[in-house]
>>> print(open('work27.cif').read())   # mmCIF, C-alpha atoms
data_data
loop_
_atom_site.label_atom_id
_atom_site.label_comp_id
_atom_site.auth_asym_id
_atom_site.auth_seq_id
_atom_site.Cartn_x
_atom_site.Cartn_y
_atom_site.Cartn_z
CA MET A 1 -8.31 -71.15 -16.75
CA THR A 2 -10.32 -68.34 -18.32
CA ILE A 3 -9.56 -64.91 -16.84
CA ARG A 4 -12.76 -63.02 -16.03
CA VAL A 5 -12.16 -59.32 -16.79
CA LEU A 6 -14.23 -56.32 -15.74
CA LEU A 7 -13.63 -53.10 -17.68
CA ALA A 8 -14.12 -49.75 -15.93
CA ASP A 9 -13.81 -46.57 -17.99
CA ASP A 10 -16.18 -43.65 -18.46
CA GLN A 11 -15.58 -43.49 -22.22
CA ASN A 12 -17.79 -45.85 -24.21
CA LEU A 13 -15.39 -46.08 -27.14
CA VAL A 14 -12.46 -46.95 -24.89
CA ARG A 15 -14.47 -49.68 -23.16
CA ALA A 16 -15.62 -51.05 -26.50
CA ALA A 17 -12.06 -51.19 -27.83
CA PHE A 18 -10.79 -52.91 -24.70
CA ALA A 19 -13.72 -55.33 -24.77
CA LEU A 20 -12.91 -56.38 -28.35
CA LEU A 21 -9.26 -56.80 -27.45
CA VAL A 22 -9.91 -58.89 -24.32
CA ALA A 23 -12.51 -61.01 -26.14
CA SER A 24 -9.93 -61.78 -28.83
CA ALA A 25 -7.73 -63.56 -26.28
CA PRO A 26 -8.56 -67.27 -25.96
CA ASP A 27 -7.86 -67.28 -22.22
CA MET A 28 -10.00 -64.25 -21.30
CA GLU A 29 -13.61 -63.10 -21.23
CA VAL A 30 -15.29 -59.79 -20.45
CA VAL A 31 -17.80 -60.26 -17.64
CA GLY A 32 -18.89 -56.64 -17.29
CA GLU A 33 -18.36 -53.01 -18.24
CA ALA A 34 -18.63 -50.07 -15.84
CA GLY A 35 -18.89 -46.38 -16.68
CA THR A 36 -18.37 -45.10 -13.13
CA GLY A 37 -16.28 -46.09 -10.14
CA ARG A 38 -19.32 -47.00 -8.08
CA GLU A 39 -20.63 -49.22 -10.84
CA ALA A 40 -17.21 -50.89 -11.01
CA VAL A 41 -17.39 -51.79 -7.33
CA GLU A 42 -20.93 -53.13 -7.67
CA LEU A 43 -20.08 -55.23 -10.73
CA ALA A 44 -16.92 -56.57 -9.08
CA ARG A 45 -19.18 -57.90 -6.34
CA THR A 46 -21.82 -59.39 -8.62
CA ARG A 47 -19.89 -60.59 -11.66
CA ARG A 48 -17.05 -62.29 -9.73
CA ALA A 49 -14.31 -60.90 -11.94
CA ASP A 50 -10.72 -62.04 -11.53
CA LEU A 51 -9.37 -58.65 -12.56
CA VAL A 52 -10.66 -55.10 -12.99
CA VAL A 53 -9.08 -52.84 -15.60
CA MET A 54 -9.68 -49.52 -13.82
CA ASP A 55 -9.41 -46.04 -15.26
CA VAL A 56 -8.29 -43.50 -12.64
CA ARG A 57 -10.52 -40.66 -13.74
CA MET A 58 -14.21 -41.55 -13.59
CA PRO A 59 -17.40 -39.82 -12.42
CA ASP A 60 -19.40 -40.61 -9.27
CA LEU A 61 -16.45 -42.42 -7.63
CA ASP A 62 -12.92 -42.17 -9.04
CA GLY A 63 -10.81 -45.19 -9.82
CA ILE A 64 -8.66 -44.83 -6.71
CA GLU A 65 -11.60 -44.90 -4.30
CA ALA A 66 -13.19 -47.72 -6.27
CA THR A 67 -9.94 -49.66 -5.99
CA ARG A 68 -9.81 -48.96 -2.25
CA LEU A 69 -13.34 -50.31 -1.76
CA ILE A 70 -12.60 -53.44 -3.77
CA ALA A 71 -9.33 -54.11 -1.90
CA ALA A 72 -11.04 -53.60 1.48
CA ASP A 73 -13.90 -55.99 0.74
CA GLU A 74 -13.11 -59.44 2.17
CA ASP A 75 -15.54 -61.03 -0.27
CA LEU A 76 -13.41 -59.64 -3.12
CA ALA A 77 -10.06 -60.77 -1.72
CA GLY A 78 -9.10 -62.53 -4.94
CA VAL A 79 -9.95 -59.64 -7.27
CA LYS A 80 -6.95 -57.82 -8.75
CA VAL A 81 -7.02 -54.23 -10.02
CA LEU A 82 -4.95 -52.98 -12.94
CA VAL A 83 -5.05 -49.18 -13.10
CA LEU A 84 -4.93 -47.27 -16.37
CA THR A 85 -3.50 -43.78 -16.36
CA THR A 86 -2.33 -41.01 -18.65
CA TYR A 87 1.34 -40.64 -17.70
CA ASP A 88 1.75 -36.92 -18.33
CA THR A 89 -1.32 -35.80 -16.44
CA ASP A 90 -2.21 -38.38 -13.78
CA GLU A 91 -0.80 -37.69 -10.35
CA ASN A 92 -2.53 -40.50 -8.53
CA ILE A 93 -0.34 -43.56 -9.09
CA VAL A 94 1.06 -43.79 -5.56
CA GLU A 95 -2.42 -43.42 -4.07
CA ALA A 96 -3.69 -46.11 -6.44
CA LEU A 97 -0.98 -48.54 -5.36
CA HIS A 98 -1.66 -47.76 -1.71
CA ALA A 99 -5.37 -48.23 -2.33
CA GLY A 100 -4.73 -51.79 -3.46
CA ALA A 101 -3.96 -51.70 -7.18
CA SER A 102 -1.58 -54.44 -8.28
CA GLY A 103 -0.06 -52.33 -11.01
CA PHE A 104 -0.66 -49.77 -13.71
CA LEU A 105 -0.37 -49.15 -17.42
CA VAL A 106 -0.40 -45.99 -19.46
CA LYS A 107 -3.46 -45.75 -21.68
CA ASP A 108 -1.52 -45.67 -24.95
CA THR A 109 0.10 -49.04 -24.30
CA ARG A 110 0.14 -51.55 -27.15
CA PRO A 111 -2.74 -54.06 -27.26
CA ALA A 112 -0.46 -57.06 -26.70
CA GLU A 113 1.02 -55.37 -23.63
CA LEU A 114 -2.43 -54.91 -22.09
CA LEU A 115 -3.21 -58.60 -22.52
CA ASP A 116 0.17 -59.55 -21.06
CA ALA A 117 -0.48 -57.17 -18.15
CA ILE A 118 -3.83 -58.80 -17.41
CA ARG A 119 -2.16 -62.22 -17.34
CA THR A 120 0.71 -60.97 -15.17
CA VAL A 121 -1.48 -59.33 -12.55
CA THR A 122 -3.96 -62.20 -12.45
CA ALA A 123 -1.07 -64.60 -11.83
CA GLY A 124 -0.22 -62.65 -8.68
CA ASP A 125 2.66 -60.50 -9.87
CA ALA A 126 2.57 -56.73 -9.70
CA LEU A 127 2.90 -55.00 -13.05
CA LEU A 128 5.65 -52.49 -12.37
CA SER A 129 7.67 -51.85 -15.50
CA PRO A 130 11.02 -50.31 -14.47
CA GLY A 131 11.01 -47.05 -16.42
CA PRO A 132 7.49 -45.67 -15.82
CA THR A 133 7.39 -47.02 -12.26
CA ALA A 134 10.64 -45.35 -11.27
CA ARG A 135 9.73 -42.02 -12.85
CA LEU A 136 6.22 -41.89 -11.42
CA ILE A 137 7.12 -42.95 -7.90
CA GLU A 138 10.09 -40.59 -7.81
CA ARG A 139 7.82 -37.76 -8.87
CA PHE A 140 5.09 -38.35 -6.32
CA LEU A 141 7.23 -39.30 -3.34
CA ARG A 142 8.83 -35.87 -3.59
CA SER A 143 5.46 -34.25 -2.93
CA PRO A 144 4.11 -33.54 0.58
CA SER A 145 1.01 -35.57 -0.23
CA ALA A 146 2.92 -38.85 -0.59
CA LEU A 147 1.39 -41.50 1.63
CA HIS A 148 3.26 -43.88 3.88
CA THR A 149 2.91 -47.64 4.06
CA PRO A 150 2.31 -49.03 7.58
CA GLY A 151 4.52 -51.77 8.95
CA SER A 152 8.22 -52.27 9.50
CA GLY A 153 10.89 -50.71 7.31
CA PRO A 154 13.77 -52.45 5.51
CA ASP A 155 15.92 -52.41 8.67
CA CYS A 156 14.24 -55.67 9.68
CA LEU A 157 15.51 -57.37 6.51
CA SER A 158 18.69 -59.35 5.97
CA ASP A 159 21.30 -58.04 3.53
CA ARG A 160 20.12 -60.50 0.88
CA GLU A 161 16.51 -59.50 1.41
CA ARG A 162 17.45 -55.84 1.02
CA GLN A 163 19.13 -56.71 -2.28
CA VAL A 164 16.02 -58.51 -3.44
CA LEU A 165 13.76 -55.63 -2.36
CA THR A 166 15.92 -53.20 -4.32
CA LEU A 167 15.50 -55.28 -7.46
CA VAL A 168 11.75 -55.60 -6.88
CA ALA A 169 11.61 -51.80 -6.68
CA ARG A 170 13.33 -51.61 -10.05
CA GLY A 171 10.54 -53.69 -11.56
CA LEU A 172 12.37 -57.00 -11.97
CA THR A 173 10.46 -60.28 -12.01
CA ASN A 174 11.41 -63.22 -9.80
CA THR A 175 13.24 -64.83 -12.73
CA GLU A 176 15.18 -61.62 -13.42
CA ILE A 177 16.02 -61.25 -9.72
CA ALA A 178 17.27 -64.85 -9.69
CA ASP A 179 19.50 -64.18 -12.71
CA ALA A 180 20.86 -60.96 -11.22
CA LEU A 181 21.76 -62.54 -7.88
CA GLY A 182 22.72 -66.03 -9.02
CA LEU A 183 19.73 -67.67 -7.33
CA SER A 184 17.13 -70.16 -8.45
CA PRO A 185 13.72 -68.66 -9.35
CA LEU A 186 12.16 -70.56 -6.44
CA THR A 187 14.67 -69.06 -3.99
CA ALA A 188 14.01 -65.58 -5.35
CA LYS A 189 10.27 -66.13 -4.98
CA THR A 190 10.77 -67.33 -1.41
CA HIS A 191 12.79 -64.22 -0.57
CA VAL A 192 10.05 -61.97 -1.99
CA SER A 193 7.38 -63.79 0.02
CA ARG A 194 9.38 -63.45 3.24
CA ILE A 195 9.99 -59.76 2.61
CA MET A 196 6.27 -59.20 2.09
CA GLY A 197 5.58 -60.96 5.38
CA LYS A 198 8.16 -58.98 7.32
CA LEU A 199 7.03 -55.64 5.88
CA LYS A 200 3.34 -56.52 6.13
CA ALA A 201 3.00 -55.68 2.45
CA ARG A 202 -0.05 -56.83 0.53
CA ASP A 203 1.81 -57.31 -2.75
CA ARG A 204 4.87 -56.34 -4.78
CA ALA A 205 3.38 -52.95 -5.53
CA GLN A 206 3.56 -52.04 -1.85
CA LEU A 207 7.14 -53.30 -1.69
CA VAL A 208 8.07 -50.73 -4.31
CA ILE A 209 6.50 -47.97 -2.22
CA VAL A 210 8.36 -49.13 0.90
CA ALA A 211 11.68 -49.21 -0.95
CA TYR A 212 11.28 -45.63 -2.16
CA GLU A 213 9.79 -44.18 1.01
CA SER A 214 12.50 -45.72 3.21
CA GLY A 215 15.32 -44.44 1.03
CA LEU A 216 16.53 -47.93 0.11
CA VAL A 217 16.01 -46.82 -3.46
CA THR A 218 16.79 -43.18 -4.02
CA PRO A 219 14.92 -41.25 -6.74
CA GLY A 220 17.14 -40.82 -9.78
CA LEU A 221 20.10 -42.64 -8.27
CA GLY A 222 19.12 -46.28 -7.71
CA THR A 223 20.02 -47.82 -4.36
CA GLY A 224 20.23 -45.62 -1.32
#
>>> encode(input="work27.cif", output="structure tokens")
Amino acid sequence: MTIRVLLADDQNLVRAAFALLVASAPDMEVVGEAGTGREAVELARTRRADLVVMDVRMPDLDGIEATRLIAADEDLAGVKVLVLTTYDTDENIVEALHAGASGFLVKDTRPAELLDAIRTVTAGDALLSPGPTARLIERFLRSPSALHTPGSGPDCLSDRERQVLTLVARGLTNTEIADALGLSPLTAKTHVSRIMGKLKARDRAQLVIVAYESGLVTPGLGTG
């Protein structure tokens, strides 16, 4: 399957570089380029992209609001959003995940990592690398502006499901969770799916938010 990628960034040179990179991958194609958030939403609707690489900071409509509109559009239910951010200055990661992004990367990531990220998110997994995810979510959940995910908290989960949720929050994949807990990958995947259902979470990204907001994972300390 060829992954149809839409690139959204207000800098022409950045878009051009990403376009060359994506086009170099045999399993991907660029189906559009957007210079504003509003244009990104419009192109997502018309070009039928599988994934949008979305810069947070854009004119007209920022990347977070553009992500929110894409995630809320039933006609775009299959479209994933991968947010790009500058780690030291962007303070919008939690809002982006709440808005519907399936993950994020820092802008200075290596080219191969961007391509792997596109494949990971398109396959249905959230891209939540342990280090940056933990640091960013810790930082923003400490602020009064942190948002809260609707639905039940971890109290409705079994002990095993709480263990799995903790590992999801640390950025582990299903295979890594299986290895850590002595489970089969299929069993780990089943646990994650059940947890998402119980917590009414859209994807793994929201599970991370729930784990931090509920105190199951404590900033700087691991499990709560």
>>> resolve_selection(input="work27.cif", expression="the PyMOL selection byres ((chain A and resi 8) around 8)", output="list in words")
Leu6, Leu7, Asp9, Asp10, Arg15, Glu33, Ala34, Gly35, Thr36, Gly37, Ala40, Val52, Val53, Met54 and Asp55 of chain A
>>> atom_distance(input="work27.cif", atom1="atom CA of A:Pro154", atom2="atom CA of A:Lys198")
8.8 Å
>>> residues_around(input="work27.cif", residues="A:Val31", least_positions_apart="4", cutoff="10 Å", atoms="all atoms listed in the file", output="PyMOL selection string")
chain A and resi 3-7+19+43-44+46-52
>>> residues_around(input="work27.cif", residues="stretch 177-188 of chain A", least_positions_apart="2", cutoff="9 Å", atoms="only C-alpha atoms", output="PyMOL selection string")
chain A and resi 163-164+167-168+172-175+190-193
>>> atom_distance(input="work27.cif", atom1="atom CA of A:Leu207", atom2="atom CA of A:Glu161")
11.7 Å
>>> resolve_selection(input="work27.cif", expression="the PyMOL selection byres ((chain A and resi 81) around 8)", output="MDAnalysis selection string")
chainID A and resid 51:54 67 79:80 82:83 100:103 121
>>> atom_distance(input="work27.cif", atom1="atom CA of A:Arg204", atom2="atom CA of A:Val217")
14.7 Å
>>> closest_residue(input="work27.cif", among="A:Gly32, A:Arg194, A:Ile209, A:Arg110", to="A:Ala16", atoms="all atoms listed in the file")
A:Gly32
>>> residues_around(input="work27.cif", residues="stretch 68-73 of chain A", least_positions_apart="4", cutoff="7 Å", atoms="only C-alpha atoms", output="PDB file with C-alpha atoms, in the coordinates of the input")
ATOM      1  CA  VAL A  41     -17.390 -51.790  -7.330  1.00  0.00           C
ATOM      2  CA  ILE A  64      -8.660 -44.830  -6.710  1.00  0.00           C
ATOM      3  CA  ALA A  77     -10.060 -60.770  -1.720  1.00  0.00           C
ATOM      4  CA  ALA A  99      -5.370 -48.230  -2.330  1.00  0.00           C
ATOM      5  CA  GLY A 100      -4.730 -51.790  -3.460  1.00  0.00           C
TER       6      GLY A 100
END
>>> closest_residue(input="work27.cif", among="A:Glu95, A:Ala211, A:Pro111, A:Asp159", to="A:Ser24", atoms="only C-alpha atoms")
A:Pro111
>>> closest_residue(input="work27.cif", among="A:Gly124, A:Gly153, A:Gly171, A:Gly197", to="A:Gly78", atoms="all atoms listed in the file")
A:Gly124
>>> closest_residue(input="work27.cif", among="A:Ile118, A:Leu76, A:Glu176, A:Leu165", to="A:Val30", atoms="all atoms listed in the file")
A:Ile118
>>> closest_residue(input="work27.cif", among="A:Ala96, A:Met28, A:Arg38, A:Cys156", to="A:Ile195", atoms="all atoms listed in the file")
A:Cys156
>>> closest_residue(input="work27.cif", among="A:Leu97, A:Ala201, A:Val22, A:Ala66", to="A:Glu113", atoms="all atoms listed in the file")
A:Val22
